[in-house]
$ cat work-v3.pdb   # PDB, C-alpha atoms, pLDDT in the B column
MODEL        1
ATOM      1  CA  MET X   1     -91.321  10.498 -24.329  1.00 82.00           C
ATOM      2  CA  GLU X   2     -93.696  12.461 -26.525  1.00 86.00           C
ATOM      3  CA  SER X   3     -97.106  11.160 -25.548  1.00 87.00           C
ATOM      4  CA  TYR X   4     -99.041  13.536 -27.780  1.00 89.00           C
ATOM      5  CA  LYS X   5     -97.999  15.617 -30.762  1.00 91.00           C
ATOM      6  CA  LYS X   6    -100.878  17.176 -32.663  1.00 90.00           C
ATOM      7  CA  SER X   7     -99.135  17.155 -36.063  1.00 93.00           C
ATOM      8  CA  ASP X   8     -98.360  13.399 -35.831  1.00 93.00           C
ATOM      9  CA  PHE X   9    -101.938  12.536 -34.904  1.00 91.00           C
ATOM     10  CA  TYR X  10    -103.340  14.779 -37.649  1.00 92.00           C
ATOM     11  CA  ALA X  11    -100.949  13.203 -40.200  1.00 93.00           C
ATOM     12  CA  ASN X  12    -102.429   9.823 -39.265  1.00 91.00           C
ATOM     13  CA  GLY X  13    -106.067  10.882 -39.646  1.00 90.00           C
ATOM     14  CA  ILE X  14    -106.880  11.657 -36.009  1.00 90.00           C
ATOM     15  CA  ASN X  15    -108.046  15.251 -36.451  1.00 92.00           C
ATOM     16  CA  ILE X  16    -109.427  15.826 -32.972  1.00 91.00           C
ATOM     17  CA  GLU X  17    -109.044  18.927 -30.882  1.00 92.00           C
ATOM     18  CA  PHE X  18    -108.722  17.654 -27.311  1.00 94.00           C
ATOM     19  CA  LYS X  19    -110.382  19.894 -24.709  1.00 95.00           C
ATOM     20  CA  GLN X  20    -109.997  18.082 -21.376  1.00 95.00           C
ATOM     21  CA  ASP X  21    -107.467  15.806 -19.662  1.00 95.00           C
ATOM     22  CA  ASN X  22    -108.590  13.314 -17.015  1.00 95.00           C
ATOM     23  CA  HIS X  23    -106.398  11.497 -14.494  1.00 97.00           C
ATOM     24  CA  SER X  24    -107.928   8.341 -13.012  1.00 95.00           C
ATOM     25  CA  CYS X  25    -106.509   6.282 -10.129  1.00 97.00           C
ATOM     26  CA  SER X  26    -107.878   2.839  -9.269  1.00 97.00           C
ATOM     27  CA  SER X  27    -106.978  -0.214  -7.200  1.00 97.00           C
ATOM     28  CA  LYS X  28    -106.533  -3.846  -8.213  1.00 96.00           C
ATOM     29  CA  ASN X  29    -109.693  -5.577  -9.510  1.00 96.00           C
ATOM     30  CA  VAL X  30    -111.582  -2.285 -10.017  1.00 97.00           C
ATOM     31  CA  LEU X  31    -113.649  -2.279 -13.190  1.00 97.00           C
ATOM     32  CA  ARG X  32    -115.004   1.005 -14.511  1.00 97.00           C
ATOM     33  CA  GLY X  33    -117.450   1.359 -17.340  1.00 92.00           C
ATOM     34  CA  LEU X  34    -118.812   1.071 -19.826  1.00 97.00           C
ATOM     35  CA  HIS X  35    -119.245   4.862 -20.040  1.00 97.00           C
ATOM     36  CA  TYR X  36    -120.116   7.314 -22.792  1.00 97.00           C
ATOM     37  CA  GLN X  37    -121.725  10.700 -23.339  1.00 96.00           C
ATOM     38  CA  ILE X  38    -124.587  11.334 -25.748  1.00 95.00           C
ATOM     39  CA  PRO X  39    -124.398  13.928 -28.560  1.00 94.00           C
ATOM     40  CA  PRO X  40    -123.785  16.782 -28.723  1.00 94.00           C
ATOM     41  CA  TYR X  41    -121.468  16.042 -25.779  1.00 95.00           C
ATOM     42  CA  ALA X  42    -120.004  12.784 -27.148  1.00 95.00           C
ATOM     43  CA  GLN X  43    -116.274  12.462 -26.549  1.00 96.00           C
ATOM     44  CA  ALA X  44    -113.371  10.935 -28.425  1.00 97.00           C
ATOM     45  CA  LYS X  45    -110.661   9.776 -26.000  1.00 97.00           C
ATOM     46  CA  LEU X  46    -106.957   9.012 -26.090  1.00 96.00           C
ATOM     47  CA  VAL X  47    -106.173   6.697 -23.160  1.00 97.00           C
ATOM     48  CA  ARG X  48    -102.848   5.625 -21.687  1.00 97.00           C
ATOM     49  CA  CYS X  49    -101.790   3.922 -18.477  1.00 98.00           C
ATOM     50  CA  LEU X  50     -99.103   5.845 -16.588  1.00 97.00           C
ATOM     51  CA  LYS X  51     -98.689   3.346 -13.726  1.00 98.00           C
ATOM     52  CA  GLY X  52     -99.711  -0.269 -13.493  1.00 98.00           C
ATOM     53  CA  ARG X  53    -101.542  -2.425 -16.013  1.00 98.00           C
ATOM     54  CA  ILE X  54    -105.118  -2.518 -17.333  1.00 98.00           C
ATOM     55  CA  TYR X  55    -107.311  -4.011 -20.014  1.00 98.00           C
ATOM     56  CA  ASP X  56    -108.938  -1.092 -21.811  1.00 98.00           C
ATOM     57  CA  VAL X  57    -112.161  -1.745 -23.742  1.00 98.00           C
ATOM     58  CA  ALA X  58    -114.095   0.239 -26.357  1.00 98.00           C
ATOM     59  CA  VAL X  59    -117.556  -0.851 -27.579  1.00 98.00           C
ATOM     60  CA  ASP X  60    -119.081   0.471 -30.805  1.00 97.00           C
ATOM     61  CA  ILE X  61    -122.484   1.970 -29.925  1.00 96.00           C
ATOM     62  CA  ARG X  62    -123.120   3.786 -33.219  1.00 94.00           C
ATOM     63  CA  PRO X  63    -126.631   2.567 -34.135  1.00 92.00           C
ATOM     64  CA  ASN X  64    -126.022   2.421 -37.909  1.00 92.00           C
ATOM     65  CA  SER X  65    -122.551   0.886 -37.712  1.00 94.00           C
ATOM     66  CA  LYS X  66    -121.787  -2.545 -39.176  1.00 97.00           C
ATOM     67  CA  THR X  67    -119.802  -3.205 -35.986  1.00 97.00           C
ATOM     68  CA  PHE X  68    -122.518  -2.058 -33.542  1.00 95.00           C
ATOM     69  CA  GLY X  69    -122.086  -3.961 -30.267  1.00 96.00           C
ATOM     70  CA  LYS X  70    -118.575  -5.201 -31.139  1.00 97.00           C
ATOM     71  CA  TYR X  71    -115.618  -4.343 -28.951  1.00 98.00           C
ATOM     72  CA  ILE X  72    -111.852  -4.117 -28.904  1.00 98.00           C
ATOM     73  CA  LYS X  73    -109.670  -4.784 -25.897  1.00 98.00           C
ATOM     74  CA  VAL X  74    -106.087  -3.612 -25.477  1.00 98.00           C
ATOM     75  CA  GLU X  75    -103.623  -4.078 -22.644  1.00 98.00           C
ATOM     76  CA  LEU X  76    -102.226  -0.709 -21.595  1.00 98.00           C
ATOM     77  CA  SER X  77     -99.363  -0.486 -19.116  1.00 98.00           C
ATOM     78  CA  GLU X  78     -96.519   1.632 -17.897  1.00 97.00           C
ATOM     79  CA  VAL X  79     -94.187  -0.918 -19.518  1.00 98.00           C
ATOM     80  CA  ASN X  80     -95.656  -1.159 -23.044  1.00 97.00           C
ATOM     81  CA  LYS X  81     -96.589   2.570 -23.168  1.00 97.00           C
ATOM     82  CA  HIS X  82     -99.381   1.818 -25.666  1.00 96.00           C
ATOM     83  CA  MET X  83    -102.301   4.194 -26.087  1.00 96.00           C
ATOM     84  CA  LEU X  84    -105.842   3.566 -27.279  1.00 97.00           C
ATOM     85  CA  TYR X  85    -107.709   6.106 -29.387  1.00 96.00           C
ATOM     86  CA  ILE X  86    -111.476   5.800 -28.903  1.00 97.00           C
ATOM     87  CA  PRO X  87    -113.628   7.774 -31.368  1.00 95.00           C
ATOM     88  CA  GLU X  88    -116.970   9.358 -30.541  1.00 95.00           C
ATOM     89  CA  GLY X  89    -119.747   6.772 -30.578  1.00 95.00           C
ATOM     90  CA  PHE X  90    -117.949   4.218 -28.429  1.00 97.00           C
ATOM     91  CA  ALA X  91    -118.485   3.251 -24.794  1.00 97.00           C
ATOM     92  CA  HIS X  92    -115.315   2.926 -22.715  1.00 98.00           C
ATOM     93  CA  GLY X  93    -114.297   0.780 -19.763  1.00 98.00           C
ATOM     94  CA  PHE X  94    -111.262  -0.764 -18.128  1.00 98.00           C
ATOM     95  CA  VAL X  95    -110.246  -3.270 -15.467  1.00 98.00           C
ATOM     96  CA  VAL X  96    -107.161  -2.912 -13.255  1.00 98.00           C
ATOM     97  CA  LEU X  97    -104.829  -5.924 -13.359  1.00 97.00           C
ATOM     98  CA  SER X  98    -101.979  -4.584 -11.198  1.00 97.00           C
ATOM     99  CA  ASP X  99    -102.040  -3.527  -7.522  1.00 97.00           C
ATOM    100  CA  SER X 100    -103.047  -0.063  -8.682  1.00 98.00           C
ATOM    101  CA  ALA X 101    -103.235   1.883 -11.917  1.00 98.00           C
ATOM    102  CA  GLU X 102    -103.171   5.488 -13.029  1.00 98.00           C
ATOM    103  CA  LEU X 103    -104.702   6.469 -16.348  1.00 97.00           C
ATOM    104  CA  LEU X 104    -104.406   9.710 -18.205  1.00 97.00           C
ATOM    105  CA  TYR X 105    -106.822  10.332 -21.008  1.00 94.00           C
ATOM    106  CA  LYS X 106    -107.501  13.217 -23.283  1.00 96.00           C
ATOM    107  CA  ALA X 107    -111.108  13.954 -24.238  1.00 97.00           C
ATOM    108  CA  SER X 108    -112.414  15.894 -27.227  1.00 96.00           C
ATOM    109  CA  GLY X 109    -115.175  17.476 -25.152  1.00 95.00           C
ATOM    110  CA  GLU X 110    -115.757  18.559 -21.606  1.00 95.00           C
ATOM    111  CA  TYR X 111    -117.597  16.270 -19.207  1.00 96.00           C
ATOM    112  CA  ASN X 112    -121.337  16.933 -19.001  1.00 97.00           C
ATOM    113  CA  SER X 113    -123.157  15.088 -16.212  1.00 95.00           C
ATOM    114  CA  ASN X 114    -126.528  15.409 -17.999  1.00 96.00           C
ATOM    115  CA  ALA X 115    -125.115  13.592 -21.041  1.00 96.00           C
ATOM    116  CA  ASP X 116    -123.417  10.842 -18.994  1.00 96.00           C
ATOM    117  CA  ARG X 117    -124.619   7.321 -19.848  1.00 96.00           C
ATOM    118  CA  GLY X 118    -123.442   3.735 -19.474  1.00 97.00           C
ATOM    119  CA  ILE X 119    -123.880   0.099 -20.416  1.00 97.00           C
ATOM    120  CA  LEU X 120    -123.602  -2.891 -18.096  1.00 97.00           C
ATOM    121  CA  TRP X 121    -120.016  -4.181 -18.089  1.00 97.00           C
ATOM    122  CA  CYS X 122    -121.118  -7.839 -18.255  1.00 97.00           C
ATOM    123  CA  ASP X 123    -123.834  -7.484 -20.922  1.00 97.00           C
ATOM    124  CA  GLU X 124    -124.154 -10.925 -22.537  1.00 96.00           C
ATOM    125  CA  ASP X 125    -125.031  -9.377 -25.916  1.00 95.00           C
ATOM    126  CA  ILE X 126    -121.591  -7.738 -26.061  1.00 97.00           C
ATOM    127  CA  ASN X 127    -119.879 -10.645 -24.275  1.00 97.00           C
ATOM    128  CA  ILE X 128    -116.615  -8.904 -23.410  1.00 97.00           C
ATOM    129  CA  ASP X 129    -113.837 -11.301 -22.479  1.00 96.00           C
ATOM    130  CA  TRP X 130    -112.297  -9.336 -19.622  1.00 96.00           C
ATOM    131  CA  GLU X 131    -109.904 -12.272 -18.987  1.00 92.00           C
ATOM    132  CA  ILE X 132    -110.387 -11.996 -15.233  1.00 92.00           C
ATOM    133  CA  ASP X 133    -110.865 -14.756 -12.682  1.00 91.00           C
ATOM    134  CA  PHE X 134    -112.172 -12.538  -9.876  1.00 91.00           C
ATOM    135  CA  GLU X 135    -115.315 -10.605  -9.020  1.00 93.00           C
ATOM    136  CA  PRO X 136    -114.532  -7.041 -10.075  1.00 96.00           C
ATOM    137  CA  VAL X 137    -114.954  -4.111  -7.720  1.00 97.00           C
ATOM    138  CA  LEU X 138    -117.712  -1.913  -9.168  1.00 97.00           C
ATOM    139  CA  SER X 139    -119.145   1.477  -8.322  1.00 96.00           C
ATOM    140  CA  LYS X 140    -122.863   1.639  -7.504  1.00 96.00           C
ATOM    141  CA  LYS X 141    -123.335   3.443 -10.829  1.00 95.00           C
ATOM    142  CA  ASP X 142    -121.669   0.636 -12.808  1.00 96.00           C
ATOM    143  CA  GLU X 143    -123.648  -2.110 -11.041  1.00 96.00           C
ATOM    144  CA  ILE X 144    -126.982  -0.811 -12.368  1.00 95.00           C
ATOM    145  CA  GLN X 145    -126.281   0.229 -15.963  1.00 96.00           C
ATOM    146  CA  PRO X 146    -128.687  -0.962 -18.686  1.00 96.00           C
ATOM    147  CA  ARG X 147    -127.811  -3.537 -21.308  1.00 96.00           C
ATOM    148  CA  LEU X 148    -126.862  -2.458 -24.829  1.00 95.00           C
ATOM    149  CA  PHE X 149    -130.265  -3.239 -26.317  1.00 92.00           C
ATOM    150  CA  GLU X 150    -132.024  -1.340 -23.514  1.00 92.00           C
ATOM    151  CA  ILE X 151    -130.321   1.992 -24.189  1.00 88.00           C
ATOM    152  CA  ASN X 152    -132.147   4.742 -26.068  1.00 81.00           C
ATOM    153  CA  LYS X 153    -130.602   4.585 -29.554  1.00 79.00           C
ATOM    154  CA  LYS X 154    -132.302   7.854 -30.525  1.00 82.00           C
ATOM    155  CA  GLU X 155    -130.066   9.591 -27.952  1.00 86.00           C
ATOM    156  CA  LEU X 156    -127.002   8.292 -29.801  1.00 84.00           C
ATOM    157  CA  MET X 157    -127.905   9.940 -33.107  1.00 78.00           C
ATOM    158  CA  SER X 158    -126.265  13.243 -34.008  1.00 66.00           C
ATOM    159  CA  ASP X 159    -128.512  15.886 -35.504  1.00 55.00           C
TER     160      ASP X 159
ENDMDL
END
$ encode --input "work-v3.pdb" --output "structure tokens"
Amino acid sequence: MESYKKSDFYANGINIEFKQDNHSCSSKNVLRGLHYQIPPYAQAKLVRCLKGRIYDVAVDIRPNSKTFGKYIKVELSEVNKHMLYIPEGFAHGFVVLSDSAELLYKASGEYNSNADRGILWCDEDINIDWEIDFEPVLSKKDEIQPRLFEINKKELMSD
């Protein structure tokens, strides 16, 4: 399986030079996110699930966008082999639906801890339908993220 071929992505308008690959492993019911990096360290991502099954979510956090605060959700799994491209200016999160899951995602920029930000996964203003009937397992970091309308929108603007 060809999971990434630069010429195919470029032919379809995804003209991103990926600079980092990340491999994430999580257990059932783990929810990670919603994460993003502020400019100039913002990252586009190409996410796929190598093992298991997840719901992958991207939230538009571009302040001047007509779809600011709206989200998309896609099921990614080892069976369907789907991928989700997430442009810069979106927060990203996922929840593990199988016993475990392994994700591989390409990023257009390197991780910068000083630019790392997040939004609360259960923010009522975004109202993500995670389609789960359990209390998700969260990291300490993800338990205390601000809501969408509490984040510093000036940080999101590119110069």
$ residues_near_point --input "work-v3.pdb" --point "(-123.3, 5.1, -33.3)" --cutoff "7 Å" --atoms "only C-alpha atoms" --output "list in words"
Asp60, Ile61, Arg62, Pro63, Asn64, Ser65, Gly89, Leu156 and Met157 of chain X
$ resolve_selection --input "work-v3.pdb" --expression "the PyMOL selection byres ((chain X and resi 23) around 7)" --output "ChimeraX atom specification"
/X:21-22,24-25,102-105
$ resolve_selection --input "work-v3.pdb" --expression "the PyMOL selection byres ((chain X and resi 83) around 7)" --output "ChimeraX atom specification"
/X:46-48,76,81-82,84-85
$ closest_residue --input "work-v3.pdb" --among "X:Ser108, X:Ser77, X:Ser100, X:Ser113" --to "Ala44 of chain X" --atoms "only C-alpha atoms"
X:Ser108
$ atom_distance --input "work-v3.pdb" --atom1 "atom CA of Phe9 of chain X" --atom2 "atom CA of Gln43 of chain X"
16.6 Å
